[in-house]
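Enquirer: model_34.cif is the file, holding mmCIF, C-alpha atoms:
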data_data
loop_
_atom_site.label_atom_id
_atom_site.label_comp_id
_atom_site.auth_asym_id
_atom_site.auth_seq_id
_atom_site.Cartn_x
_atom_site.Cartn_y
_atom_site.Cartn_z
CA MET A 1 0.00 0.00 0.00
CA SER A 2 1.18 3.48 -0.78
CA THR A 3 2.60 5.31 2.21
CA THR A 4 1.71 8.70 0.80
CA THR A 5 -0.10 10.75 3.41
CA SER A 6 -3.25 12.33 2.12
CA THR A 7 -3.82 15.98 2.97
CA ARG A 8 -7.39 15.71 1.74
CA ARG A 9 -10.56 14.71 3.51
CA PRO A 10 -10.59 10.88 3.90
CA GLY A 11 -13.14 9.01 1.80
CA THR A 12 -13.14 11.52 -1.06
CA ALA A 13 -11.91 11.14 -4.64
CA ARG A 14 -9.12 13.65 -4.05
CA SER A 15 -7.84 11.71 -1.08
CA ALA A 16 -7.77 8.43 -3.04
CA LEU A 17 -5.70 10.06 -5.81
CA GLN A 18 -2.94 10.90 -3.33
CA HIS A 19 -1.79 7.27 -3.48
CA ARG A 20 0.62 6.79 -6.38
CA HIS A 21 0.08 3.09 -7.21
CA PHE A 22 -3.68 3.57 -7.34
CA ARG A 23 -3.33 6.80 -9.33
CA VAL A 24 -1.13 5.19 -12.01
CA LEU A 25 -3.48 2.23 -12.51
CA PHE A 26 -6.51 4.52 -12.46
CA ILE A 27 -5.12 6.69 -15.27
CA GLY A 28 -4.14 3.63 -17.31
CA ALA A 29 -7.54 2.00 -16.83
CA SER A 30 -9.27 5.26 -17.77
CA LEU A 31 -7.44 5.43 -21.10
CA SER A 32 -7.97 1.73 -21.71
CA ASN A 33 -11.69 1.93 -21.07
CA VAL A 34 -12.12 4.62 -23.70
CA GLY A 35 -11.17 1.97 -26.25
CA THR A 36 -13.44 -0.58 -24.60
CA TRP A 37 -16.46 1.69 -24.80
CA MET A 38 -15.76 2.54 -28.41
CA GLN A 39 -16.16 -1.17 -29.09
CA ASN A 40 -19.03 -1.69 -26.63
CA PHE A 41 -20.92 1.20 -28.21
CA MET A 42 -20.30 0.42 -31.87
CA LEU A 43 -20.76 -3.36 -31.85
CA PRO A 44 -24.42 -3.51 -30.66
CA ALA A 45 -25.29 -0.62 -32.99
CA TYR A 46 -23.61 -2.46 -35.89
CA LEU A 47 -25.61 -5.58 -35.08
CA ASP A 48 -28.90 -3.67 -34.73
CA VAL A 49 -28.39 -2.06 -38.14
CA ARG A 50 -27.34 -5.35 -39.71
CA THR A 51 -30.19 -7.48 -38.27
CA GLY A 52 -32.92 -5.02 -37.18
CA SER A 53 -33.60 -7.31 -34.20
CA ALA A 54 -33.59 -6.43 -30.51
CA ALA A 55 -33.38 -10.16 -29.74
CA PHE A 56 -30.03 -10.41 -31.56
CA VAL A 57 -28.71 -7.37 -29.69
CA GLY A 58 -29.78 -8.97 -26.40
CA LEU A 59 -28.02 -12.18 -27.38
CA LEU A 60 -24.83 -10.25 -28.10
CA VAL A 61 -24.95 -8.65 -24.63
CA PHE A 62 -25.46 -12.12 -23.16
CA ALA A 63 -22.36 -13.35 -24.97
CA GLN A 64 -20.38 -10.49 -23.43
CA LEU A 65 -21.74 -10.56 -19.87
CA GLY A 66 -23.24 -14.02 -19.52
CA PRO A 67 -19.92 -15.62 -18.51
CA MET A 68 -20.02 -13.52 -15.33
CA LEU A 69 -23.18 -15.32 -14.29
CA PHE A 70 -21.65 -18.78 -14.62
CA GLY A 71 -17.92 -18.22 -14.19
CA SER A 72 -17.46 -15.53 -11.54
CA VAL A 73 -17.35 -17.87 -8.54
CA PRO A 74 -14.72 -20.24 -10.04
CA ALA A 75 -12.76 -17.14 -11.10
CA GLY A 76 -12.88 -15.88 -7.50
CA VAL A 77 -11.51 -19.18 -6.24
CA LEU A 78 -8.75 -18.94 -8.86
CA ALA A 79 -7.91 -15.42 -7.68
CA ASP A 80 -7.19 -16.85 -4.22
CA ARG A 81 -4.92 -19.56 -5.64
CA VAL A 82 -2.63 -17.84 -8.18
CA ASN A 83 -0.58 -14.69 -8.62
CA ARG A 84 -3.22 -12.08 -9.38
CA THR A 85 -0.96 -9.78 -11.37
CA HIS A 86 0.06 -12.58 -13.73
CA LEU A 87 -3.57 -13.68 -14.11
CA ILE A 88 -4.78 -10.19 -15.02
CA LEU A 89 -1.93 -9.64 -17.49
CA ALA A 90 -2.71 -12.94 -19.23
CA MET A 91 -6.40 -12.09 -19.58
CA GLN A 92 -5.65 -8.57 -20.80
CA ALA A 93 -3.36 -10.02 -23.48
CA SER A 94 -6.12 -12.46 -24.43
CA MET A 95 -8.70 -9.68 -24.83
CA MET A 96 -6.23 -7.66 -26.88
CA THR A 97 -5.78 -10.58 -29.28
CA LEU A 98 -9.52 -11.22 -29.52
CA SER A 99 -10.17 -7.55 -30.35
CA LEU A 100 -7.71 -7.86 -33.23
CA VAL A 101 -9.65 -10.89 -34.48
CA LEU A 102 -12.92 -8.98 -34.13
CA ALA A 103 -11.48 -6.20 -36.28
CA GLY A 104 -10.82 -8.71 -39.05
CA LEU A 105 -14.34 -10.15 -38.78
CA ALA A 106 -15.89 -6.68 -39.02
CA LYS A 107 -13.71 -5.72 -42.00
CA TRP A 108 -14.81 -8.73 -44.06
CA HIS A 109 -18.42 -8.77 -42.78
CA ALA A 110 -18.04 -12.26 -41.36
CA PRO A 111 -21.10 -14.35 -40.43
CA ILE A 112 -22.94 -13.15 -37.34
CA TRP A 113 -22.13 -16.31 -35.39
CA THR A 114 -18.39 -15.60 -35.58
CA ILE A 115 -18.90 -12.18 -33.99
CA PHE A 116 -20.92 -13.79 -31.20
CA ALA A 117 -18.14 -16.36 -30.65
CA ILE A 118 -15.43 -13.71 -30.27
CA GLN A 119 -17.62 -11.60 -28.01
CA LEU A 120 -18.20 -14.67 -25.84
CA ALA A 121 -14.44 -15.31 -25.61
CA ILE A 122 -13.86 -11.68 -24.58
CA GLY A 123 -16.56 -12.05 -21.94
CA ILE A 124 -14.91 -15.20 -20.56
CA SER A 125 -11.51 -13.52 -20.37
CA ASN A 126 -12.96 -10.54 -18.53
CA THR A 127 -14.80 -12.84 -16.12
CA VAL A 128 -11.59 -14.69 -15.25
CA GLN A 129 -9.68 -11.52 -14.42
CA ALA A 130 -12.41 -9.42 -12.79
CA PRO A 131 -12.41 -10.92 -9.25
CA ALA A 132 -8.61 -10.76 -9.03
CA PHE A 133 -8.54 -7.13 -10.10
CA ASN A 134 -11.44 -5.96 -7.94
CA ALA A 135 -10.20 -7.85 -4.88
CA SER A 136 -6.75 -6.25 -5.18
CA LEU A 137 -7.36 -2.62 -6.09
CA PRO A 138 -8.96 -1.62 -2.76
CA THR A 139 -5.67 -2.55 -1.08
CA LEU A 140 -3.90 0.25 -2.96
CA VAL A 141 -5.53 2.87 -0.71
CA PRO A 142 -6.14 2.99 3.06
CA ARG A 143 -9.53 1.72 4.19
CA GLU A 144 -10.81 5.24 4.86
CA ASP A 145 -10.18 6.17 1.19
CA ILE A 146 -11.90 3.17 -0.38
CA GLY A 147 -15.10 5.19 -0.95
CA GLY A 148 -13.27 7.79 -3.00
CA ALA A 149 -11.52 5.07 -5.00
CA VAL A 150 -14.80 3.38 -5.88
CA SER A 151 -16.44 6.63 -6.85
CA LEU A 152 -13.49 7.49 -9.11
CA ASN A 153 -13.51 4.12 -10.83
CA SER A 154 -17.26 4.12 -11.34
CA ALA A 155 -16.92 7.61 -12.77
CA MET A 156 -14.06 6.36 -14.96
CA ILE A 157 -16.25 3.62 -16.43
CA ASN A 158 -18.99 6.11 -17.19
CA GLY A 159 -16.60 8.80 -18.37
CA SER A 160 -15.44 6.20 -20.86
CA ARG A 161 -19.08 5.77 -21.94
CA ILE A 162 -18.91 9.40 -23.04
CA ALA A 163 -15.37 9.59 -24.39
CA GLY A 164 -15.52 6.23 -26.20
CA PRO A 165 -18.63 6.92 -28.32
CA SER A 166 -17.54 10.54 -28.83
CA LEU A 167 -14.13 9.42 -30.08
CA ALA A 168 -15.77 6.73 -32.24
CA ALA A 169 -18.05 9.37 -33.80
CA PHE A 170 -15.12 11.69 -34.48
CA LEU A 171 -12.94 8.94 -35.96
CA GLY A 172 -15.85 7.83 -38.13
CA TRP A 173 -16.30 11.42 -39.30
CA VAL A 174 -12.64 11.66 -40.36
CA GLY A 175 -12.96 8.42 -42.33
CA LEU A 176 -12.06 5.45 -40.11
CA ASP A 177 -14.09 2.27 -40.55
CA LEU A 178 -15.59 0.15 -37.79
CA TRP A 179 -12.85 -2.48 -37.97
CA GLN A 180 -10.20 0.20 -37.50
CA LEU A 181 -11.87 1.32 -34.27
CA PHE A 182 -11.56 -2.24 -33.00
CA LEU A 183 -7.84 -2.14 -33.81
CA ILE A 184 -7.49 1.03 -31.74
CA ASN A 185 -9.31 -0.69 -28.87
CA ALA A 186 -6.86 -3.59 -29.02
CA ALA A 187 -3.96 -1.15 -28.64
CA THR A 188 -5.50 0.51 -25.56
CA TYR A 189 -5.09 -2.65 -23.47
CA SER A 190 -1.42 -1.69 -23.21
CA PHE A 191 -2.38 1.29 -21.02
CA VAL A 192 -3.18 -1.21 -18.24
CA MET A 193 -0.69 -3.95 -19.07
CA ILE A 194 2.42 -1.74 -18.97
CA PRO A 195 1.89 -0.11 -15.53
CA LEU A 196 0.62 -3.38 -14.07
CA ALA A 197 3.74 -5.23 -15.29
CA ARG A 198 5.97 -2.57 -13.74
CA ASN A 199 4.05 -2.25 -10.45
CA HIS A 200 2.60 -5.56 -9.33
CA LEU A 201 -0.55 -5.69 -7.22
CA PRO A 202 -0.12 -6.48 -3.50
CA VAL A 203 -0.25 -10.15 -2.56
CA ILE A 204 -3.23 -10.72 -0.26
CA LYS A 205 -3.94 -14.05 1.36
CA GLY A 206 -7.57 -14.93 0.70
CA MET A 207 -9.90 -16.45 3.27
CA ASN A 208 -11.06 -19.16 0.86
CA THR A 209 -8.99 -22.22 1.76
CA ALA A 210 -11.76 -24.77 1.23
CA LYS A 211 -11.26 -27.64 -1.19
CA GLY A 212 -13.36 -28.96 -4.03
CA TRP A 213 -17.00 -27.86 -4.30
CA ARG A 214 -16.87 -26.20 -0.87
CA ALA A 215 -14.51 -23.59 -2.29
CA LEU A 216 -17.31 -22.42 -4.59
CA THR A 217 -19.73 -21.76 -1.73
CA THR A 218 -17.48 -19.81 0.66
CA GLY A 219 -18.86 -16.45 -0.47
CA VAL A 220 -22.47 -17.65 -0.21
CA GLY A 221 -21.91 -18.73 3.37
CA LEU A 222 -20.38 -15.37 4.26
CA ALA A 223 -23.27 -13.47 2.66
CA ARG A 224 -25.80 -15.52 4.61
CA ARG A 225 -24.01 -14.78 7.89
CA ARG A 226 -23.60 -11.03 7.23
CA LYS A 227 -27.05 -9.96 6.17
CA VAL A 228 -26.12 -6.60 4.65
CA LEU A 229 -24.20 -8.50 1.95
CA LEU A 230 -27.17 -10.74 1.23
CA VAL A 231 -29.58 -7.81 0.93
CA LEU A 232 -27.26 -5.89 -1.41
CA LEU A 233 -26.61 -8.90 -3.65
CA ARG A 234 -30.28 -9.87 -3.78
CA SER A 235 -31.53 -6.36 -4.59
CA MET A 236 -28.88 -5.84 -7.28
CA PHE A 237 -29.76 -9.21 -8.87
CA ILE A 238 -33.43 -8.25 -9.16
CA PHE A 239 -32.57 -4.72 -10.28
CA SER A 240 -30.25 -5.96 -13.04
CA ILE A 241 -32.66 -8.51 -14.49
CA VAL A 242 -35.90 -6.51 -14.42
CA SER A 243 -34.89 -2.82 -14.43
CA LEU A 244 -31.70 -2.66 -16.51
CA PRO A 245 -32.48 -4.39 -19.84
CA TYR A 246 -32.76 -0.95 -21.44
CA ILE A 247 -28.97 -0.52 -21.18
CA GLY A 248 -27.94 -3.45 -23.37
CA LEU A 249 -30.95 -2.84 -25.62
CA PHE A 250 -30.35 0.92 -25.85
CA PRO A 251 -30.08 0.90 -29.68
CA SER A 252 -33.38 -0.96 -29.94
CA VAL A 253 -35.12 1.30 -27.41
CA ALA A 254 -34.02 4.37 -29.36
CA ARG A 255 -35.26 2.84 -32.62
CA LEU A 256 -38.62 1.67 -31.28
CA ASN A 257 -39.52 4.60 -28.98
CA LEU A 258 -37.83 7.55 -30.69
CA GLY A 259 -37.43 6.41 -34.29
CA LEU A 260 -33.63 6.83 -34.16
CA ALA A 261 -31.36 4.59 -36.21
CA ALA A 262 -28.47 3.16 -34.19
CA ASP A 263 -25.94 4.60 -36.64
CA SER A 264 -27.45 8.12 -36.61
CA GLY A 265 -25.92 11.20 -35.03
CA SER A 266 -29.02 11.74 -32.86
CA TYR A 267 -28.67 8.28 -31.34
CA LYS A 268 -25.01 8.93 -30.51
CA ILE A 269 -25.93 12.22 -28.84
CA LEU A 270 -28.64 10.50 -26.76
CA TYR A 271 -26.24 7.80 -25.61
CA ILE A 272 -23.50 10.31 -24.76
CA ILE A 273 -25.95 12.43 -22.72
CA TRP A 274 -27.03 9.33 -20.80
CA GLY A 275 -23.37 8.42 -20.23
CA LEU A 276 -22.62 11.95 -19.00
CA GLY A 277 -25.36 11.57 -16.41
CA ALA A 278 -23.94 8.20 -15.32
CA PHE A 279 -20.45 9.72 -15.04
CA LEU A 280 -21.60 12.57 -12.81
CA GLY A 281 -23.82 10.27 -10.75
CA ALA A 282 -20.92 7.93 -10.01
CA LEU A 283 -18.53 10.79 -9.23
CA SER A 284 -21.03 12.40 -6.85
CA VAL A 285 -20.76 9.50 -4.36
CA GLY A 286 -17.15 10.43 -3.60
CA THR A 287 -17.62 14.19 -3.83
CA VAL A 288 -20.86 16.07 -3.10
CA PHE A 289 -22.47 13.07 -1.36
CA SER A 290 -19.38 11.76 0.43
CA ASP A 291 -20.82 12.70 3.85
CA VAL A 292 -24.35 11.48 3.15
CA SER A 293 -25.51 8.15 4.56
CA ARG A 294 -25.21 5.43 1.92
CA HIS A 295 -28.45 3.94 3.17
CA LEU A 296 -30.22 7.21 2.39
CA LEU A 297 -28.54 7.46 -1.03
CA ILE A 298 -29.59 3.93 -1.95
CA ARG A 299 -33.17 4.39 -0.76
CA TRP A 300 -33.77 7.61 -2.69
CA SER A 301 -31.85 6.49 -5.77
CA PHE A 302 -34.20 3.53 -6.18
CA ARG A 303 -37.19 5.86 -6.04
CA LEU A 304 -35.78 8.42 -8.46
CA PHE A 305 -34.61 5.73 -10.86
CA ALA A 306 -38.17 4.36 -10.99
CA VAL A 307 -39.54 7.82 -11.83
CA PHE A 308 -37.01 8.61 -14.56
CA LEU A 309 -37.16 5.15 -16.17
CA PHE A 310 -40.95 5.47 -16.36
CA LEU A 311 -40.63 8.90 -18.01
CA PHE A 312 -38.04 7.50 -20.43
CA ALA A 313 -40.46 4.70 -21.30
CA LEU A 314 -43.25 7.16 -22.12
CA THR A 315 -41.42 9.80 -24.13
CA SER A 316 -41.36 9.71 -27.91
CA ASN A 317 -39.86 13.19 -28.29
CA PHE A 318 -36.11 13.37 -28.85
CA ALA A 319 -35.71 16.80 -27.19
CA LEU A 320 -37.50 15.59 -24.06
CA ALA A 321 -35.61 12.30 -24.05
CA LEU A 322 -32.27 14.11 -23.67
CA PRO A 323 -32.77 15.56 -20.14
CA VAL A 324 -34.68 12.46 -19.00
CA SER A 325 -31.88 10.15 -20.17
CA PHE A 326 -29.31 12.36 -18.41
CA LEU A 327 -31.18 12.13 -15.09
CA LEU A 328 -31.79 8.40 -15.57
CA GLY A 329 -28.07 7.81 -16.10
CA ALA A 330 -27.20 9.93 -13.05
CA VAL A 331 -29.42 8.10 -10.57
CA TYR A 332 -28.61 4.70 -12.09
CA PHE A 333 -24.89 4.92 -11.38
CA LEU A 334 -25.28 6.89 -8.18
CA LEU A 335 -27.29 3.88 -6.98
CA ALA A 336 -24.86 1.26 -8.32
CA THR A 337 -21.82 3.07 -6.88
CA ALA A 338 -23.44 3.56 -3.48
CA MET A 339 -24.43 -0.13 -3.33
CA MET A 340 -20.96 -1.33 -4.31
CA THR A 341 -19.42 1.07 -1.79
CA GLU A 342 -21.59 -0.35 1.00
CA LEU A 343 -20.70 -3.88 -0.07
CA GLN A 344 -16.95 -3.22 -0.03
CA HIS A 345 -17.16 -1.39 3.30
CA ASN A 346 -18.58 -4.57 4.84
CA LEU A 347 -15.71 -6.79 3.65
CA THR A 348 -12.20 -7.42 4.93
CA ASP A 349 -9.32 -7.66 2.43
CA GLY A 350 -9.26 -11.44 2.73
CA GLU A 351 -12.99 -11.76 1.99
CA ARG A 352 -13.12 -9.75 -1.24
CA ALA A 353 -12.16 -12.51 -3.68
CA SER A 354 -14.97 -14.68 -2.30
CA ILE A 355 -17.72 -12.04 -2.36
CA MET A 356 -16.88 -9.96 -5.46
CA PRO A 357 -17.74 -12.87 -7.82
CA LEU A 358 -21.24 -12.86 -6.32
CA TRP A 359 -21.45 -9.13 -7.02
CA PHE A 360 -20.44 -9.72 -10.64
CA MET A 361 -23.10 -12.41 -10.92
CA SER A 362 -25.72 -10.11 -9.40
CA PHE A 363 -24.78 -7.06 -11.46
CA GLY A 364 -22.98 -7.77 -14.73
CA GLY A 365 -23.86 -11.46 -14.96
CA SER A 366 -27.62 -11.06 -14.53
CA ILE A 367 -28.05 -8.12 -16.94
CA PRO A 368 -27.85 -10.40 -20.01
CA ILE A 369 -30.72 -12.50 -18.65
CA GLY A 370 -32.87 -9.39 -18.73
CA ASN A 371 -31.65 -8.67 -22.25
CA LEU A 372 -32.47 -12.19 -23.44
CA LEU A 373 -35.97 -11.86 -21.99
CA GLY A 374 -36.54 -8.23 -22.88
CA GLY A 375 -35.29 -8.37 -26.48
CA PRO A 376 -38.01 -10.68 -27.86
CA ILE A 377 -40.68 -8.86 -25.82
CA MET A 378 -39.57 -5.55 -27.34
CA ASP A 379 -39.77 -7.08 -30.80
CA ALA A 380 -43.30 -8.30 -30.05
CA VAL A 381 -44.98 -5.47 -28.11
CA GLY A 382 -42.50 -2.58 -28.17
CA ALA A 383 -40.02 -1.15 -25.66
CA ARG A 384 -42.39 0.87 -23.48
CA TRP A 385 -43.84 -2.08 -21.58
CA VAL A 386 -40.38 -3.49 -20.82
CA LEU A 387 -39.18 -0.16 -19.40
CA ALA A 388 -42.40 0.50 -17.48
CA VAL A 389 -42.25 -2.89 -15.74
CA GLY A 390 -38.60 -2.18 -14.89
CA ALA A 391 -39.59 1.13 -13.30
CA LEU A 392 -42.27 -0.51 -11.13
CA ALA A 393 -39.84 -3.25 -10.09
CA ALA A 394 -37.22 -0.66 -9.06
CA ALA A 395 -39.71 1.09 -6.77
CA LEU A 396 -40.76 -2.17 -5.10
CA ASN A 397 -37.17 -3.43 -4.89
CA GLY A 398 -36.02 -0.28 -3.12
CA ALA A 399 -38.74 -0.60 -0.49
CA TRP A 400 -38.02 -4.30 0.08
CA SER A 401 -34.23 -3.82 0.33
CA ASP A 402 -34.06 -0.84 2.69
CA LEU A 403 -30.80 -1.26 4.66
CA GLY A 404 -32.17 0.92 7.43
CA ARG A 405 -34.26 -2.04 8.58
CA LEU A 406 -31.18 -4.12 9.43
CA GLY A 407 -29.71 -4.36 12.91
CA PRO A 408 -26.14 -3.59 14.09
CA ASN A 409 -25.13 -7.26 13.99
CA ASP A 410 -25.89 -7.39 10.26
CA PHE A 411 -22.90 -5.15 9.42
CA LEU A 412 -19.16 -5.80 9.56
CA ASP A 413 -18.38 -2.99 11.99
CA GLY A 414 -21.44 -3.57 14.15
CA GLU A 415 -23.34 -0.51 12.93
CA PRO A 416 -24.29 1.18 9.65
CA ALA A 417 -21.54 3.42 8.24
CA SER A 418 -22.14 6.99 7.06
CA ILE A 419 -19.16 7.53 4.75
CA PRO A 420 -19.07 5.55 1.48
CA GLU A 421 -16.14 3.22 0.87
CA THR A 422 -15.62 0.64 -1.95
CA GLY A 423 -13.27 -0.88 -4.39
CA PRO A 424 -12.87 0.27 -7.94
CA SER A 425 -14.96 -1.28 -10.66
CA ARG A 426 -13.85 -3.73 -13.30
CA LEU A 427 -11.11 -3.13 -15.83
CA HIS A 428 -11.60 -2.88 -19.58
#
Will you turn the file into structure tokens for me?
Expert:
Amino acid sequence: MSTTTSTRRPGTARSALQHRHFRVLFIGASLSNVGTWMQNFMLPAYLDVRTGSAAFVGLLVFAQLGPMLFGSVPAGVLADRVNRTHLILAMQASMMTLSLVLAGLAKWHAPIWTIFAIQLAIGISNTVQAPAFNASLPTLVPREDIGGAVSLNSAMINGSRIAGPSLAAFLGWVGLDLWQLFLINAATYSFVMIPLARNHLPVIKGMNTAKGWRALTTGVGLARRRKVLLVLLRSMFIFSIVSLPYIGLFPSVARLNLGLAADSGSYKILYIIWGLGAFLGALSVGTVFSDVSRHLLIRWSFRLFAVFLFLFALTSNFALALPVSFLLGAVYFLLATAMMTELQHNLTDGERASIMPLWFMSFGGSIPIGNLLGGPIMDAVGARWVLAVGALAAALNGAWSDLGRLGPNDFLDGEPASIPETGPSRLH
């Protein structure tokens, strides 16, 4: 851990950036994720234009995120057994190679199934490395600065949602083809690989020493004993499946509700505005809301998300959709960041590799289930019903999962915390 003494208020983004090892990896991951979101933005839009099917777009998202649902727990066990730095570097190199292959497939308009296969392989590689990375990064800052680190990394992911599509639009305007954007993405993996190779992650001894099948259930047992973890994981699982299908199906929602083609300038503007809201929402947890109770943030974020998702479902006017999408993005990632912060605050360093896979299953891994279900429904009855049901589910979920109802023994430190702390979100 960096020995740099922070002169800033503990728990804030500024305080987290005082620690050199974290700062270097944060900058590298930020640059790398710009390339990732160029690819994540352009590939579903390319598929929507090529097939005109929300179901196919949902299937593509499942190929990317589905491995998290099935492989996160084994990957967490692996993170406790091997050198985490070497594991992450190997998976980053794998994703770099696969992005190069994807560029070739896009250039020669390869069959759709080949694109799905490469996207699935990228999803598997990311699943293998995610628990190791997320279990290690919180150790790069003192415990009191974990909240600022999480807020920064959530903001980084969402800042990339803005910068990636914006850069893709600019590069397309100057004449670059889709396959060339995928080549650029492949090169951006080096922004993480180089600093990680020069500054290895700390070696942390995990708590998961069980053998065989028992090793896969260590995190489940911990979540059942510490109820705050169970409530957070359960509420995020429901939220991801029922309320978040609009994210992976964003091109289809824009086409069906607003009449926007996924390759149009208006669609890109809408997506960037939504990403800007998500960026500011994530950043706010470690800045303007750093002293606000996370329980209060989570409770009100659920309510506001339900309102804005319902409004987004109803609107068919592009001008009105812009501010609504901004607010929807803001409360969405304010909620996700606050929940992840509370989760990380209730874990010791040795427990992270066992619990973080369950978070990936509840968040990233369950989103593609919603996309698989929501895509065909959108094709059949339109997008409004899917979004409206998601809004209602968010309101009910927030009431059911209120952390204020838990007792002191349900938290790691014996009582609810008031300052957010968490580990940074996933790489690339």
Enquirer: Please provide the set of residues having any atom within 8 Å of Thr315 (chain A), restricted to only C-alpha atoms, with same-chain residues fewer than 6 positions apart removed, written as a ChimeraX atom specification.
Expert: /A:257-258,321
Enquirer: Please produce, as a tab-separated table, a per-residue contact table for region 333-389 of chain A versus region 47-63 of chain A (criterion: any atom at most 8 Å away, only C-alpha atoms considered), showing the nearest atom pair and its distance in Å to one decimal, sorted by chain then residue number.
Expert:
residue	atom	partner	partner_atom	distance
A:Ile367	CA	A:Phe62	CA	7.8
A:Pro368	CA	A:Phe62	CA	4.3
A:Ile369	CA	A:Phe62	CA	6.9
A:Asn371	CA	A:Gly58	CA	4.6
A:Leu372	CA	A:Gly58	CA	5.1
A:Gly374	CA	A:Gly58	CA	7.7
A:Gly375	CA	A:Ala55	CA	4.2
A:Pro376	CA	A:Ala55	CA	5.0
A:Met378	CA	A:Ala54	CA	6.8
A:Asp379	CA	A:Ala54	CA	6.2
Enquirer: So that I can check the surroundings of region 94-104 of chain A, please list as a PyMOL selection string every protein, DNA and RNA residue that reaches within 8 Å of it, counting all atoms listed in the file and ignoring chain neighbours fewer than 6 positions away.
Expert: chain A and resi 115+118+121-122+125-126+178-183+185-187+189
Enquirer: Would you pick out the contacts of Leu387 (chain A) at 10 Å or less, using all atoms listed in the file, so that residues sharing its chain but fewer than 6 positions from it are not included, and give the list as JSON, numbers by chain?
Expert: {"A": [242, 243, 244, 245, 246, 253, 306, 309, 310, 311, 312, 313, 314, 374, 378, 393]}
Enquirer: As a VMD selection string, please: the residues near Ser354 (chain A) (cut-off 7 Å, only C-alpha atoms, same-chain neighbours under 5 positions excluded).
Expert: chain A and resid 76 to 77 208 218 to 219
Enquirer: Residues of the last selection are to be written out with C-alpha atoms, as a PDB file, in the coordinates of the input.
Expert:
ATOM      1  CA  GLY A  76     -12.880 -15.880  -7.500  1.00  0.00           C
ATOM      2  CA  VAL A  77     -11.510 -19.180  -6.240  1.00  0.00           C
ATOM      3  CA  ASN A 208     -11.060 -19.160   0.860  1.00  0.00           C
ATOM      4  CA  THR A 218     -17.480 -19.810   0.660  1.00  0.00           C
ATOM      5  CA  GLY A 219     -18.860 -16.450  -0.470  1.00  0.00           C
TER       6      GLY A 219
END
Enquirer: Check what the PyMOL selection byres ((chain A and resi 85) around 9) selects in the file above and give those residues as a PDB file with C-alpha atoms, in the coordinates of the input.
Expert:
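Output below, filename out20.pdb:
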ATOM      1  CA  VAL A  82      -2.630 -17.840  -8.180  1.00  0.00           C
ATOM      2  CA  ASN A  83      -0.580 -14.690  -8.620  1.00  0.00           C
ATOM      3  CA  ARG A  84      -3.220 -12.080  -9.380  1.00  0.00           C
ATOM      4  CA  HIS A  86       0.060 -12.580 -13.730  1.00  0.00           C
ATOM      5  CA  LEU A  87      -3.570 -13.680 -14.110  1.00  0.00           C
ATOM      6  CA  ILE A  88      -4.780 -10.190 -15.020  1.00  0.00           C
ATOM      7  CA  LEU A  89      -1.930  -9.640 -17.490  1.00  0.00           C
ATOM      8  CA  ALA A  90      -2.710 -12.940 -19.230  1.00  0.00           C
ATOM      9  CA  ALA A 132      -8.610 -10.760  -9.030  1.00  0.00           C
ATOM     10  CA  PHE A 133      -8.540  -7.130 -10.100  1.00  0.00           C
ATOM     11  CA  LEU A 196       0.620  -3.380 -14.070  1.00  0.00           C
ATOM     12  CA  ALA A 197       3.740  -5.230 -15.290  1.00  0.00           C
ATOM     13  CA  HIS A 200       2.600  -5.560  -9.330  1.00  0.00           C
ATOM     14  CA  LEU A 201      -0.550  -5.690  -7.220  1.00  0.00           C
ATOM     15  CA  PRO A 202      -0.120  -6.480  -3.500  1.00  0.00           C
ATOM     16  CA  VAL A 203      -0.250 -10.150  -2.560  1.00  0.00           C
TER      17      VAL A 203
END
Enquirer: Would you mind reading off the distance between CA of Phe305 (chain A) and CA of Asn33 (chain A), one decimal, in Å?
Expert: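 For CA of Phe305 (chain A) relative to CA of Asn33 (chain A), the distance reads 25.4 Å.
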Enquirer: Which distance in Å separates CA of Leu230 (chain A) and CA of Ser290 (chain A), to one decimal?
Expert: 23.8 Å
Enquirer: Applied to this file, what does the PyMOL selection byres ((chain A and resi 343) around 10) return in terms of residues, put as a compact mmCIF listing (two decimals) with C-alpha atoms, in the frame of the given file?
Expert:
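Wrote it out as part23.txt, contents follow:
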# COMPACT_ATOMS: atom_id res chain seq x y z
CA VAL A 228 -26.12 -6.60 4.65
CA LEU A 229 -24.20 -8.50 1.95
CA LEU A 230 -27.17 -10.74 1.23
CA VAL A 231 -29.58 -7.81 0.93
CA LEU A 232 -27.26 -5.89 -1.41
CA LEU A 233 -26.61 -8.90 -3.65
CA THR A 337 -21.82 3.07 -6.88
CA ALA A 338 -23.44 3.56 -3.48
CA MET A 339 -24.43 -0.13 -3.33
CA MET A 340 -20.96 -1.33 -4.31
CA THR A 341 -19.42 1.07 -1.79
CA GLU A 342 -21.59 -0.35 1.00
CA GLN A 344 -16.95 -3.22 -0.03
CA HIS A 345 -17.16 -1.39 3.30
CA ASN A 346 -18.58 -4.57 4.84
CA LEU A 347 -15.71 -6.79 3.65
CA ARG A 352 -13.12 -9.75 -1.24
CA ILE A 355 -17.72 -12.04 -2.36
CA MET A 356 -16.88 -9.96 -5.46
CA TRP A 359 -21.45 -9.13 -7.02
CA PHE A 411 -22.90 -5.15 9.42
CA LEU A 412 -19.16 -5.80 9.56
CA PRO A 420 -19.07 5.55 1.48
CA GLU A 421 -16.14 3.22 0.87
CA THR A 422 -15.62 0.64 -1.95
CA GLY A 423 -13.27 -0.88 -4.39
